[in-house]
file coords17.cif (mmCIF, C-alpha atoms and all ligand atoms)
data_final
loop_
_atom_site.label_atom_id
_atom_site.label_comp_id
_atom_site.auth_asym_id
_atom_site.auth_seq_id
_atom_site.Cartn_x
_atom_site.Cartn_y
_atom_site.Cartn_z
CA MET H 28 228.55 203.75 243.61
CA LYS H 29 230.74 202.58 246.50
CA VAL H 30 229.39 199.93 248.88
CA LEU H 31 230.71 198.90 252.30
CA VAL H 32 229.81 195.49 253.77
CA LEU H 33 230.34 195.08 257.52
CA GLY H 34 231.42 191.59 258.57
CA GLY H 35 233.96 188.95 257.70
CA GLY H 36 232.21 185.59 257.34
CA GLY H 37 230.87 183.44 254.53
CA ARG H 38 227.68 185.50 254.47
CA GLU H 39 229.63 188.69 253.89
CA HIS H 40 231.74 187.07 251.17
CA ALA H 41 228.52 186.09 249.39
CA LEU H 42 227.18 189.65 249.79
CA VAL H 43 230.39 191.16 248.42
CA TRP H 44 230.41 188.69 245.49
CA LYS H 45 226.80 189.48 244.59
CA LEU H 46 227.05 193.25 245.08
CA LYS H 47 230.09 193.32 242.78
CA GLN H 48 227.91 191.94 239.99
CA SER H 49 225.72 195.06 240.04
CA PRO H 50 226.46 197.30 237.05
CA ARG H 51 225.98 200.25 239.40
CA VAL H 52 228.67 199.26 241.86
CA THR H 53 232.13 200.63 241.11
CA GLU H 54 233.89 199.68 244.32
CA VAL H 55 233.25 197.33 247.23
CA PHE H 56 234.78 197.67 250.70
CA CYS H 57 234.49 195.15 253.50
CA ALA H 58 235.29 195.62 257.19
CA PRO H 59 237.03 193.58 258.41
CA GLY H 60 236.61 190.95 255.65
CA ASN H 61 238.79 187.83 255.30
CA ALA H 62 241.38 186.39 252.90
CA GLY H 63 238.81 185.44 250.26
CA ILE H 64 236.95 188.74 250.43
CA ALA H 65 240.29 190.55 250.07
CA GLN H 66 240.58 189.08 246.55
CA GLU H 67 237.33 190.83 245.55
CA ALA H 68 237.06 193.93 247.75
CA THR H 69 239.15 196.44 249.68
CA CYS H 70 239.27 195.23 253.26
CA LEU H 71 239.51 197.68 256.17
CA PRO H 72 240.44 196.79 259.74
CA CYS H 73 237.45 196.98 262.09
CA ASP H 74 236.30 195.74 265.47
CA LEU H 75 232.61 194.97 264.95
CA ASN H 76 232.05 194.93 268.71
CA ARG H 77 232.75 198.67 268.89
CA LEU H 78 230.59 201.37 267.36
CA ASP H 79 233.50 203.85 267.19
CA SER H 80 235.57 201.35 265.18
CA ILE H 81 232.63 200.78 262.81
CA VAL H 82 232.19 204.52 262.32
CA GLU H 83 235.92 204.95 261.68
CA ALA H 84 235.98 202.24 258.99
CA THR H 85 232.84 203.71 257.41
CA LEU H 86 234.28 207.22 257.25
CA LYS H 87 237.44 205.82 255.66
CA ALA H 88 235.47 204.01 252.93
CA ALA H 89 233.11 206.97 252.40
CA PRO H 90 230.49 204.64 250.89
CA ASP H 91 227.19 205.45 249.17
CA LEU H 92 225.63 202.42 250.85
CA VAL H 93 226.48 200.36 253.96
CA VAL H 94 225.24 196.78 254.39
CA VAL H 95 225.43 195.29 257.89
CA GLY H 96 226.11 191.53 257.94
CA PRO H 97 226.12 190.20 261.53
CA GLU H 98 223.84 190.78 264.52
CA VAL H 99 226.27 192.40 266.96
CA PRO H 100 226.72 195.70 265.02
CA LEU H 101 222.93 195.89 264.62
CA MET H 102 222.45 195.44 268.35
CA LEU H 103 225.02 198.19 268.98
CA GLY H 104 222.95 200.66 266.95
CA THR H 105 225.10 200.88 263.81
CA VAL H 106 222.09 201.68 261.62
CA ASP H 107 220.90 204.49 263.94
CA GLU H 108 224.39 206.00 264.15
CA LEU H 109 225.12 205.90 260.40
CA ARG H 110 221.66 207.26 259.57
CA ARG H 111 222.26 210.11 262.00
CA ARG H 112 225.39 210.90 260.00
CA GLY H 113 223.41 210.86 256.75
CA ILE H 114 224.99 207.64 255.40
CA PRO H 115 222.53 205.32 253.61
CA VAL H 116 222.54 202.00 255.48
CA PHE H 117 220.66 198.76 254.93
CA GLY H 118 219.38 197.00 258.07
CA PRO H 119 217.14 197.45 261.11
CA THR H 120 217.61 200.01 263.87
CA GLN H 121 218.75 199.02 267.34
CA ALA H 122 215.14 199.05 268.58
CA ALA H 123 213.91 196.93 265.68
CA ALA H 124 216.83 194.51 266.08
CA GLN H 125 215.46 193.55 269.51
CA LEU H 126 213.51 190.91 267.62
CA GLU H 127 216.82 189.04 267.59
CA SER H 128 218.80 190.57 270.45
CA SER H 129 216.15 189.81 273.09
CA LYS H 130 214.24 186.54 273.03
CA ALA H 131 211.98 187.91 275.79
CA PHE H 132 211.07 190.88 273.59
CA SER H 133 210.61 188.64 270.58
CA LYS H 134 208.34 186.11 272.34
CA ALA H 135 206.22 188.81 273.98
CA PHE H 136 205.92 190.58 270.61
CA MET H 137 204.81 187.37 268.88
CA THR H 138 202.24 186.75 271.61
CA ARG H 139 200.90 190.33 271.34
CA HIS H 140 200.52 189.99 267.59
CA ARG H 141 199.28 186.38 267.50
CA ILE H 142 202.23 185.12 265.47
CA PRO H 143 202.42 181.31 265.77
CA THR H 144 205.19 180.29 268.17
CA ALA H 145 205.83 177.82 271.01
CA LEU H 146 204.23 178.50 274.40
CA TYR H 147 206.69 180.00 276.88
CA VAL H 148 207.19 181.38 280.35
CA GLN H 149 209.83 183.92 281.34
CA VAL H 150 211.68 183.81 284.68
CA HIS H 151 213.80 186.53 286.26
CA GLN H 152 215.05 184.79 289.42
CA ALA H 153 215.75 181.27 290.65
CA SER H 154 212.77 181.27 293.05
CA GLU H 155 210.40 181.40 290.03
CA ILE H 156 211.79 178.32 288.28
CA LYS H 157 209.74 175.63 289.99
CA ALA H 158 206.37 177.27 289.43
CA ALA H 159 207.27 178.11 285.83
CA LEU H 160 208.20 174.50 285.07
CA ALA H 161 204.81 173.26 286.29
CA ASN H 162 203.42 174.46 282.93
CA PHE H 163 205.61 172.09 280.89
CA SER H 164 206.35 168.43 280.29
CA ALA H 165 209.79 167.20 279.21
CA PRO H 166 211.65 167.75 276.98
CA ILE H 167 211.77 171.47 277.75
CA VAL H 168 213.62 174.16 275.81
CA VAL H 169 215.60 176.60 277.97
CA LYS H 170 216.69 179.88 276.37
CA ALA H 171 218.80 182.77 277.57
CA ASP H 172 217.18 186.11 276.74
CA GLY H 173 220.20 187.80 275.11
CA LEU H 174 222.67 187.07 272.32
CA ALA H 175 224.86 184.15 273.40
CA ALA H 176 226.69 183.20 270.19
CA GLY H 177 224.72 179.98 269.74
CA LYS H 178 225.11 178.81 273.36
CA GLY H 179 221.86 180.26 274.64
CA VAL H 180 219.48 177.38 273.79
CA VAL H 181 219.43 174.07 275.66
CA ILE H 182 216.96 171.25 275.07
CA ALA H 183 216.61 169.68 278.49
CA ALA H 184 215.50 166.04 278.65
CA THR H 185 214.02 166.35 282.16
CA LYS H 186 212.50 169.03 284.39
CA GLU H 187 215.44 168.64 286.77
CA GLU H 188 217.90 169.37 283.96
CA ALA H 189 215.82 172.34 282.78
CA ALA H 190 215.79 173.74 286.32
CA GLN H 191 219.58 173.32 286.64
CA VAL H 192 220.33 174.93 283.26
CA ALA H 193 218.03 177.87 284.07
CA ALA H 194 219.59 178.33 287.50
CA ASP H 195 223.09 178.35 285.96
CA MET H 196 222.05 180.92 283.36
CA LEU H 197 220.46 183.16 285.98
CA ASN H 198 223.67 182.74 287.98
CA GLY H 199 225.68 184.25 285.16
CA SER H 200 227.00 181.21 283.22
CA LEU H 201 226.40 183.18 280.00
CA GLY H 202 227.00 186.64 281.45
CA GLU H 203 224.41 189.35 280.78
CA ALA H 204 222.66 187.21 278.12
CA GLY H 205 221.27 184.90 280.82
CA LYS H 206 219.88 187.57 283.16
CA HIS H 207 216.42 186.50 282.06
CA VAL H 208 215.54 182.96 281.04
CA LEU H 209 212.69 181.51 279.00
CA PHE H 210 211.19 178.03 279.18
CA GLU H 211 209.59 176.94 275.95
CA GLU H 212 207.44 174.10 274.75
CA HIS H 213 209.51 171.66 272.67
CA LEU H 214 208.39 171.62 269.04
CA VAL H 215 208.94 168.75 266.62
CA GLY H 216 209.27 169.04 262.86
CA GLU H 217 211.50 170.16 260.05
CA GLU H 218 213.30 173.50 260.34
CA ILE H 219 213.17 176.03 257.51
CA SER H 220 214.87 179.41 257.15
CA PHE H 221 212.38 181.88 255.65
CA LEU H 222 213.87 185.29 254.85
CA LEU H 223 212.19 188.43 253.64
CA ILE H 224 213.11 192.01 252.91
CA SER H 225 211.08 194.95 254.21
CA ASP H 226 211.01 198.72 253.89
CA GLY H 227 209.09 199.14 257.13
CA GLU H 228 205.68 198.59 255.51
CA ARG H 229 205.87 196.18 252.62
CA VAL H 230 207.60 192.81 252.39
CA ALA H 231 209.02 190.58 249.66
CA PRO H 232 210.17 187.03 250.35
CA LEU H 233 213.54 185.56 249.43
CA VAL H 234 213.77 181.91 248.38
CA ALA H 235 213.71 179.62 251.42
CA ALA H 236 216.66 177.56 252.62
CA GLN H 237 217.40 174.81 255.09
CA ASP H 238 220.36 174.90 257.45
CA HIS H 239 222.10 171.94 259.16
CA LYS H 240 222.86 173.07 262.69
CA ARG H 241 224.50 170.01 264.23
CA ILE H 242 228.17 169.24 263.67
CA GLY H 243 227.67 165.59 262.68
CA ASP H 244 226.01 163.60 259.90
CA GLY H 245 222.43 162.59 260.62
CA ASP H 246 221.98 165.72 262.80
CA THR H 247 224.12 164.41 265.65
CA GLY H 248 226.54 166.08 268.07
CA PRO H 249 226.63 169.65 269.33
CA ASN H 250 224.98 172.68 267.73
CA THR H 251 227.02 174.96 265.47
CA GLY H 252 226.42 178.20 263.61
CA GLY H 253 225.40 176.02 260.65
CA MET H 254 227.33 173.32 258.77
CA GLY H 255 225.67 173.68 255.38
CA ALA H 256 222.50 174.78 253.68
CA TYR H 257 220.60 174.37 250.46
CA SER H 258 217.87 176.23 248.66
CA ILE H 259 215.31 174.67 246.35
CA SER H 260 211.96 176.02 245.12
CA THR H 261 209.93 173.13 246.55
CA LEU H 262 211.12 173.76 250.12
CA VAL H 263 208.33 176.32 250.56
CA ASP H 264 205.65 176.11 247.84
CA ASP H 265 203.49 179.03 246.66
CA ASN H 266 200.66 178.25 249.10
CA MET H 267 202.97 178.00 252.07
CA ARG H 268 204.80 181.16 251.05
CA ASP H 269 201.52 183.08 250.91
CA TRP H 270 200.51 181.66 254.28
CA LEU H 271 203.83 182.71 255.82
CA LEU H 272 203.56 186.19 254.34
CA ARG H 273 200.04 186.59 255.73
CA HIS H 274 200.53 185.00 259.17
CA VAL H 275 204.15 185.73 259.97
CA ALA H 276 205.88 188.30 257.75
CA GLN H 277 203.24 191.02 257.38
CA PRO H 278 202.06 190.82 261.04
CA VAL H 279 205.66 191.34 262.21
CA ILE H 280 206.20 194.34 259.95
CA ASP H 281 202.76 195.82 260.81
CA GLY H 282 203.29 195.16 264.52
CA MET H 283 206.74 196.75 264.61
CA ALA H 284 205.44 199.81 262.73
CA ALA H 285 202.45 200.10 265.08
CA GLU H 286 204.79 199.94 268.09
CA GLY H 287 206.95 202.75 266.71
CA MET H 288 209.89 200.58 265.63
CA PRO H 289 209.46 200.22 261.86
CA TYR H 290 211.45 197.24 260.64
CA THR H 291 213.67 197.74 257.60
CA GLY H 292 216.18 195.25 256.24
CA ILE H 293 216.25 191.47 256.13
CA LEU H 294 214.06 189.57 258.56
CA TYR H 295 214.92 185.90 258.98
CA ALA H 296 212.23 183.69 260.50
CA GLY H 297 213.54 180.37 261.81
CA LEU H 298 210.49 178.13 261.46
CA MET H 299 209.56 174.69 262.73
CA MET H 300 207.12 172.99 260.36
CA THR H 301 205.05 171.15 262.99
CA ALA H 302 201.95 168.97 262.61
CA ARG H 303 200.00 172.03 263.87
CA GLY H 304 201.48 174.20 261.14
CA PRO H 305 204.55 176.45 260.94
CA MET H 306 205.75 177.97 264.22
CA VAL H 307 208.40 180.65 264.64
CA LEU H 308 211.40 179.42 266.66
CA GLU H 309 213.24 182.72 266.47
CA PHE H 310 213.79 185.83 264.42
CA ASN H 311 217.15 186.97 263.15
CA CYS H 312 217.49 190.55 261.99
CA ARG H 313 219.97 189.80 259.22
CA PHE H 314 220.88 187.33 256.53
CA GLY H 315 221.59 183.78 257.77
CA ASP H 316 225.00 182.18 257.57
CA PRO H 317 225.39 179.80 255.69
CA GLU H 318 221.89 180.17 254.16
CA THR H 319 222.90 183.37 252.35
CA GLN H 320 225.52 181.53 250.27
CA PRO H 321 223.04 179.22 248.46
CA ILE H 322 220.28 181.87 248.46
CA LEU H 323 222.40 184.53 246.74
CA MET H 324 223.70 181.93 244.30
CA ARG H 325 220.09 181.69 243.04
CA LEU H 326 219.55 185.45 242.78
CA GLU H 327 219.46 186.76 239.23
CA SER H 328 218.45 190.38 239.87
CA ASP H 329 220.47 193.30 241.23
CA LEU H 330 220.96 193.10 244.99
CA VAL H 331 221.75 196.83 245.23
CA GLU H 332 218.32 197.64 243.78
CA ALA H 333 216.66 195.56 246.49
CA PHE H 334 218.67 197.19 249.29
CA GLU H 335 217.85 200.65 247.94
CA ALA H 336 214.16 199.75 247.64
CA SER H 337 214.22 198.84 251.34
CA ILE H 338 215.92 202.10 252.33
CA GLU H 339 213.71 204.25 250.07
CA GLY H 340 210.39 202.61 250.97
CA ARG H 341 209.54 200.95 247.68
CA ILE H 342 209.73 197.21 248.26
CA SER H 343 207.49 195.24 245.90
CA ASP H 344 207.17 191.64 244.76
CA GLY H 345 209.38 192.42 241.81
CA VAL H 346 212.55 193.28 243.76
CA PHE H 347 213.99 189.78 243.37
CA HIS H 348 214.27 187.41 240.42
CA TRP H 349 215.42 183.88 241.14
CA THR H 350 216.57 180.96 239.07
CA PRO H 351 214.62 177.75 239.70
CA ASP H 352 217.98 175.94 239.83
CA PRO H 353 218.77 174.58 243.30
CA SER H 354 221.98 175.40 245.14
CA VAL H 355 223.85 173.89 248.04
CA CYS H 356 226.61 175.04 250.39
CA VAL H 357 228.87 172.65 252.32
CA VAL H 358 230.73 174.26 255.21
CA LEU H 359 234.32 173.17 255.84
CA ALA H 360 235.11 173.71 259.52
CA ALA H 361 238.36 173.75 261.45
CA GLY H 362 239.43 170.96 263.77
CA GLY H 363 238.11 171.63 267.27
CA TYR H 364 234.96 173.43 266.06
CA PRO H 365 232.40 174.12 267.60
CA GLY H 366 234.79 174.25 270.56
CA THR H 367 238.10 176.08 270.17
CA PRO H 368 239.05 175.96 266.47
CA GLU H 369 242.60 175.21 265.31
CA LYS H 370 244.01 178.22 263.52
CA GLY H 371 246.90 178.85 261.15
CA LYS H 372 246.54 175.64 259.06
CA GLU H 373 247.41 176.11 255.41
CA ILE H 374 244.48 175.56 253.02
CA HIS H 375 245.28 173.63 249.82
CA GLY H 376 243.34 173.24 246.59
CA LEU H 377 241.35 176.48 246.64
CA ASP H 378 242.17 177.41 243.04
CA THR H 379 241.30 173.97 241.65
CA ALA H 380 237.93 173.99 243.43
CA ALA H 381 237.19 177.58 242.38
CA ALA H 382 237.86 176.75 238.72
CA MET H 383 234.96 174.27 238.60
CA ALA H 384 231.89 175.38 236.64
CA GLY H 385 228.92 176.36 238.81
CA VAL H 386 231.05 176.42 241.98
CA LYS H 387 231.90 179.34 244.25
CA VAL H 388 234.10 178.91 247.32
CA PHE H 389 233.09 181.51 249.90
CA HIS H 390 235.60 182.24 252.64
CA ALA H 391 234.66 182.56 256.32
CA GLY H 392 237.47 182.08 258.87
CA THR H 393 240.49 182.52 256.61
CA ALA H 394 243.51 184.80 256.77
CA MET H 395 246.64 185.49 254.73
CA LYS H 396 249.91 184.49 256.42
CA ASP H 397 253.33 184.62 254.70
CA GLY H 398 251.63 184.66 251.30
CA LYS H 399 249.50 181.59 252.09
CA ILE H 400 245.80 181.30 252.93
CA VAL H 401 245.37 179.72 256.37
CA THR H 402 242.50 178.87 258.71
CA ALA H 403 241.51 181.63 261.13
CA GLY H 404 238.14 180.66 262.61
CA GLY H 405 235.63 177.88 263.28
CA ARG H 406 233.81 177.82 259.98
CA VAL H 407 236.52 178.20 257.34
CA LEU H 408 234.92 177.89 253.88
CA GLY H 409 231.47 177.53 252.33
CA VAL H 410 231.79 175.47 249.15
CA THR H 411 228.69 176.39 247.16
CA ALA H 412 227.37 174.97 243.91
CA ARG H 413 224.36 175.54 241.68
CA ALA H 414 223.04 173.13 239.06
CA THR H 415 219.83 172.17 237.26
CA SER H 416 218.91 169.58 239.90
CA LEU H 417 219.56 169.26 243.62
CA GLU H 418 221.35 165.95 243.03
CA ALA H 419 223.70 167.59 240.54
CA ALA H 420 224.32 170.58 242.83
CA VAL H 421 225.14 168.29 245.76
CA THR H 422 227.45 166.14 243.61
CA ARG H 423 229.25 169.20 242.30
CA ALA H 424 229.64 170.79 245.73
CA TYR H 425 231.16 167.60 247.15
CA GLU H 426 233.44 167.23 244.12
CA ALA H 427 234.76 170.70 244.89
CA VAL H 428 235.08 169.82 248.59
CA GLY H 429 237.22 166.84 247.51
CA LYS H 430 239.78 169.20 246.00
CA ILE H 431 240.27 171.21 249.20
CA HIS H 432 242.31 170.15 252.18
CA PHE H 433 243.65 171.49 255.46
CA ASP H 434 244.74 169.78 258.67
CA GLY H 435 241.79 168.93 260.90
CA MET H 436 239.19 169.79 258.21
CA GLN H 437 235.70 168.54 259.11
CA TYR H 438 232.43 168.71 257.20
CA ARG H 439 229.10 166.97 256.93
CA THR H 440 228.66 164.49 254.09
CA ASP H 441 224.85 164.65 254.15
CA ILE H 442 223.89 168.25 253.33
CA ALA H 443 220.41 168.28 251.72
CA HIS H 444 219.82 164.65 252.77
CA ARG H 445 216.20 165.36 253.72
CA ARG H 446 215.30 166.46 250.19
CA LEU H 447 217.45 163.87 248.44
CA LYS H 448 215.58 161.09 250.23
CA LYS H 449 212.17 162.45 249.23
P1 LIG R 501 217.06 179.56 268.38
O1 LIG R 501 218.36 180.29 268.64
O2 LIG R 501 215.90 180.05 269.18
O3 LIG R 501 216.74 179.38 266.92
O4 LIG R 501 217.37 178.07 268.81
C1 LIG R 501 218.43 177.33 268.26
C2 LIG R 501 217.95 175.97 267.85
O5 LIG R 501 217.34 175.32 268.97
C3 LIG R 501 216.87 175.99 266.79
O6 LIG R 501 217.42 176.09 265.50
C4 LIG R 501 216.16 174.68 267.04
O7 LIG R 501 216.88 173.61 266.46
C5 LIG R 501 216.24 174.55 268.54
N1 LIG R 501 215.00 175.06 269.16
C6 LIG R 501 214.77 176.33 269.58
N2 LIG R 501 213.53 176.45 270.08
C7 LIG R 501 212.96 175.25 270.00
C8 LIG R 501 211.68 174.72 270.38
N3 LIG R 501 210.75 175.48 270.95
N4 LIG R 501 211.45 173.41 270.12
C9 LIG R 501 212.38 172.64 269.55
N5 LIG R 501 213.61 173.05 269.20
C10 LIG R 501 213.90 174.35 269.41
N1 LIG R 502 222.44 179.72 260.16
C1 LIG R 502 221.76 180.27 261.26
C2 LIG R 502 221.94 181.70 261.46
O1 LIG R 502 222.45 182.42 260.62
O2 LIG R 502 221.57 182.19 262.53
#
call {"tool": "encode", "arguments": {"input": "coords17.cif", "output": "structure tokens"}}
result
Amino acid sequence: MKVLVLGGGGREHALVWKLKQSPRVTEVFCAPGNAGIAQEATCLPCDLNRLDSIVEATLKAAPDLVVVGPEVPLMLGTVDELRRRGIPVFGPTQAAAQLESSKAFSKAFMTRHRIPTALYVQVHQASEIKAALANFSAPIVVKADGLAAGKGVVIAATKEEAAQVAADMLNGSLGEAGKHVLFEEHLVGEEISFLLISDGERVAPLVAAQDHKRIGDGDTGPNTGGMGAYSISTLVDDNMRDWLLRHVAQPVIDGMAAEGMPYTGILYAGLMMTARGPMVLEFNCRFGDPETQPILMRLESDLVEAFEASIEGRISDGVFHWTPDPSVCVVLAAGGYPGTPEKGKEIHGLDTAAAMAGVKVFHAGTAMKDGKIVTAGGRVLGVTARATSLEAAVTRAYEAVGKIHFDGMQYRTDIAHRRLKK
């Protein structure tokens, strides 16, 4: 069968790499892809911000299955449109993807269905800010309702700051995304990425992962899309997994079905493990990036089978088989990131790193220029390794990182530090 993956980041490279391992897959397309994906799949030009461009690329590939990587095409209704055209597609509909595309929808939904999450108040205009803030003590989390490419969440140290940030958002500092604003209770704890697959009724969990959102070692500096992630069986033990399935995963799937928006695809719960128990920070309606790189490195079963089980309504516990071996992904970012990244820098050492046993270098923001692979985005590569222990996986990943170089390259040296200390 022919498969088309929509997207062009590290997550999509990992999806392409894994899908290619399926004995049933004869050809993989990716739109738009990147320089690394182009070595493993046929890349097609595509503007993921436009439904007509997505449809055009899909018709060109004529795939038997489409897998949507990022959130924007989901929000645009890619799944609805391709289904309407009779093309099998893995992912949630536009209505179901509101769990990610609208934080107001998502918080109200969690409240309706008693899914554990931080207390919140929504405001629609500046005159409501003062009264809303009376419910909170600092620090206060301020969130824009819509998708804001990682800029929509501010942790304000004082009420005054929270009021100012909210007023700016309502004033259009983030465009449409900030038309509604949420204040949220500030939660403390360790963050975990808990992903599951659903067919609209049933769920099966993936192995959990932990991201590293800040740019700097020791979780310092500005937020990013994620600077590295690891996956290890002990991150979420059997008891916790069962608890999360019962109190988070199944209630979401049941609630969405009951409200007429059955949820199919990957659901990603961003959790804060607080002293009061796990709380949902947010839902993403897709695989995480970079979490997908270490997660798929641990997958031993056929990913196509799982996607088809979701589409055909036959998800069961047996859809995934995992190795107990831990894996870790270190993101190499361009100079300037998370601000404006430097582009066009030649990347050296890719072949040497890729030749290492147990290592896979996933490409994100890379492009081919004059026969050379150069940087083309904020997060450039995800150097991922798997080994029999977390220590060994971390050592191997950083050994591979040591072989790669480009001007301005930055990365964290402490990925998985929380588990290594324990
Ligand atoms: P979100 O896009 O909602 O996941 O928020 C981005 C990041 O902001 C999260 O990964 C957390 O690190 C932080 N965050 C969001 N909500 C809260 C909260 N209620 N308490 C503490 N930190 C939060
Ligand atoms: N790594 C966080 C995300 O994919 O949203």
call {"tool": "residues_around", "arguments": {"input": "coords17.cif", "residues": "Asp195 in chain H", "least_positions_apart": "3", "cutoff": "12 Å", "atoms": "all atoms listed in the file", "output": "VMD selection string"}}
result
chain H and resid 152 to 153 156 169 to 171 179 181 188 to 192 198 to 202 204 to 208
call {"tool": "residues_near_ligand", "arguments": {"input": "coords17.cif", "ligand": "ligand LIG 502 (chain R)", "cutoff": "12 Å", "atoms": "all atoms listed in the file", "output": "PDB file with C-alpha atoms, keeping the file's coordinate frame"}}
result
ATOM      1  CA  GLY H  36     232.210 185.590 257.340  1.00  0.00           C
ATOM      2  CA  GLY H  37     230.870 183.440 254.530  1.00  0.00           C
ATOM      3  CA  ARG H  38     227.680 185.500 254.470  1.00  0.00           C
ATOM      4  CA  GLU H  39     229.630 188.690 253.890  1.00  0.00           C
ATOM      5  CA  GLY H  96     226.110 191.530 257.940  1.00  0.00           C
ATOM      6  CA  PRO H  97     226.120 190.200 261.530  1.00  0.00           C
ATOM      7  CA  GLU H  98     223.840 190.780 264.520  1.00  0.00           C
ATOM      8  CA  GLU H 127     216.820 189.040 267.590  1.00  0.00           C
ATOM      9  CA  SER H 128     218.800 190.570 270.450  1.00  0.00           C
ATOM     10  CA  LEU H 174     222.670 187.070 272.320  1.00  0.00           C
ATOM     11  CA  ALA H 175     224.860 184.150 273.400  1.00  0.00           C
ATOM     12  CA  ALA H 176     226.690 183.200 270.190  1.00  0.00           C
ATOM     13  CA  GLY H 177     224.720 179.980 269.740  1.00  0.00           C
ATOM     14  CA  LYS H 178     225.110 178.810 273.360  1.00  0.00           C
ATOM     15  CA  GLU H 218     213.300 173.500 260.340  1.00  0.00           C
ATOM     16  CA  ILE H 219     213.170 176.030 257.510  1.00  0.00           C
ATOM     17  CA  SER H 220     214.870 179.410 257.150  1.00  0.00           C
ATOM     18  CA  PHE H 221     212.380 181.880 255.650  1.00  0.00           C
ATOM     19  CA  LEU H 222     213.870 185.290 254.850  1.00  0.00           C
ATOM     20  CA  ALA H 236     216.660 177.560 252.620  1.00  0.00           C
ATOM     21  CA  GLN H 237     217.400 174.810 255.090  1.00  0.00           C
ATOM     22  CA  ASP H 238     220.360 174.900 257.450  1.00  0.00           C
ATOM     23  CA  HIS H 239     222.100 171.940 259.160  1.00  0.00           C
ATOM     24  CA  LYS H 240     222.860 173.070 262.690  1.00  0.00           C
ATOM     25  CA  ARG H 241     224.500 170.010 264.230  1.00  0.00           C
ATOM     26  CA  ASN H 250     224.980 172.680 267.730  1.00  0.00           C
ATOM     27  CA  THR H 251     227.020 174.960 265.470  1.00  0.00           C
ATOM     28  CA  GLY H 252     226.420 178.200 263.610  1.00  0.00           C
ATOM     29  CA  GLY H 253     225.400 176.020 260.650  1.00  0.00           C
ATOM     30  CA  MET H 254     227.330 173.320 258.770  1.00  0.00           C
ATOM     31  CA  GLY H 255     225.670 173.680 255.380  1.00  0.00           C
ATOM     32  CA  ALA H 256     222.500 174.780 253.680  1.00  0.00           C
ATOM     33  CA  TYR H 257     220.600 174.370 250.460  1.00  0.00           C
ATOM     34  CA  ILE H 293     216.250 191.470 256.130  1.00  0.00           C
ATOM     35  CA  LEU H 294     214.060 189.570 258.560  1.00  0.00           C
ATOM     36  CA  TYR H 295     214.920 185.900 258.980  1.00  0.00           C
ATOM     37  CA  ALA H 296     212.230 183.690 260.500  1.00  0.00           C
ATOM     38  CA  GLY H 297     213.540 180.370 261.810  1.00  0.00           C
ATOM     39  CA  LEU H 298     210.490 178.130 261.460  1.00  0.00           C
ATOM     40  CA  LEU H 308     211.400 179.420 266.660  1.00  0.00           C
ATOM     41  CA  GLU H 309     213.240 182.720 266.470  1.00  0.00           C
ATOM     42  CA  PHE H 310     213.790 185.830 264.420  1.00  0.00           C
ATOM     43  CA  ASN H 311     217.150 186.970 263.150  1.00  0.00           C
ATOM     44  CA  CYS H 312     217.490 190.550 261.990  1.00  0.00           C
ATOM     45  CA  ARG H 313     219.970 189.800 259.220  1.00  0.00           C
ATOM     46  CA  PHE H 314     220.880 187.330 256.530  1.00  0.00           C
ATOM     47  CA  GLY H 315     221.590 183.780 257.770  1.00  0.00           C
ATOM     48  CA  ASP H 316     225.000 182.180 257.570  1.00  0.00           C
ATOM     49  CA  PRO H 317     225.390 179.800 255.690  1.00  0.00           C
ATOM     50  CA  GLU H 318     221.890 180.170 254.160  1.00  0.00           C
ATOM     51  CA  THR H 319     222.900 183.370 252.350  1.00  0.00           C
ATOM     52  CA  GLN H 320     225.520 181.530 250.270  1.00  0.00           C
ATOM     53  CA  PRO H 321     223.040 179.220 248.460  1.00  0.00           C
ATOM     54  CA  CYS H 356     226.610 175.040 250.390  1.00  0.00           C
ATOM     55  CA  VAL H 358     230.730 174.260 255.210  1.00  0.00           C
ATOM     56  CA  ARG H 406     233.810 177.820 259.980  1.00  0.00           C
TER      57      ARG H 406
END
call {"tool": "atom_distance", "arguments": {"input": "coords17.cif", "atom1": "CA of Gly243 in chain H", "atom2": "CA of Val401 in chain H"}}
result
23.5 Å
call {"tool": "residues_around", "arguments": {"input": "coords17.cif", "residues": "Met102 in chain H", "least_positions_apart": "5", "cutoff": "9 Å", "atoms": "all atoms listed in the file", "output": "PyMOL selection string"}}
result
chain H and resi 120-122+124-125+127-128
call {"tool": "closest_atom_pairs", "arguments": {"input": "coords17.cif", "of": "chain H", "to": "ligand LIG 501 (chain R)", "cutoff": "6 Å", "atoms": "only C-alpha atoms and all ligand atoms", "output": "Markdown table"}}
result
| residue | atom | partner | partner_atom | distance |
| --- | --- | --- | --- | --- |
| H:Ala145 | CA | R:LIG501 | N3 | 5.4 |
| H:Val168 | CA | R:LIG501 | C8 | 5.8 |
| H:Val180 | CA | R:LIG501 | O4 | 5.5 |
| H:Glu211 | CA | R:LIG501 | N3 | 5.3 |
| H:Glu212 | CA | R:LIG501 | N3 | 5.2 |
| H:His213 | CA | R:LIG501 | N4 | 3.7 |
| H:Leu214 | CA | R:LIG501 | N4 | 3.7 |
| H:Val215 | CA | R:LIG501 | C9 | 6.0 |
| H:Leu308 | CA | R:LIG501 | N2 | 5.0 |
| H:Glu309 | CA | R:LIG501 | O2 | 4.6 |
call {"tool": "residues_near_point", "arguments": {"input": "coords17.cif", "point": "(206.4, 199.9, 266.3)", "cutoff": "12 Å", "atoms": "all atoms listed in the file", "output": "PyMOL selection string"}}
result
chain H and resi 120+122-126+136+140+227-228+278-291
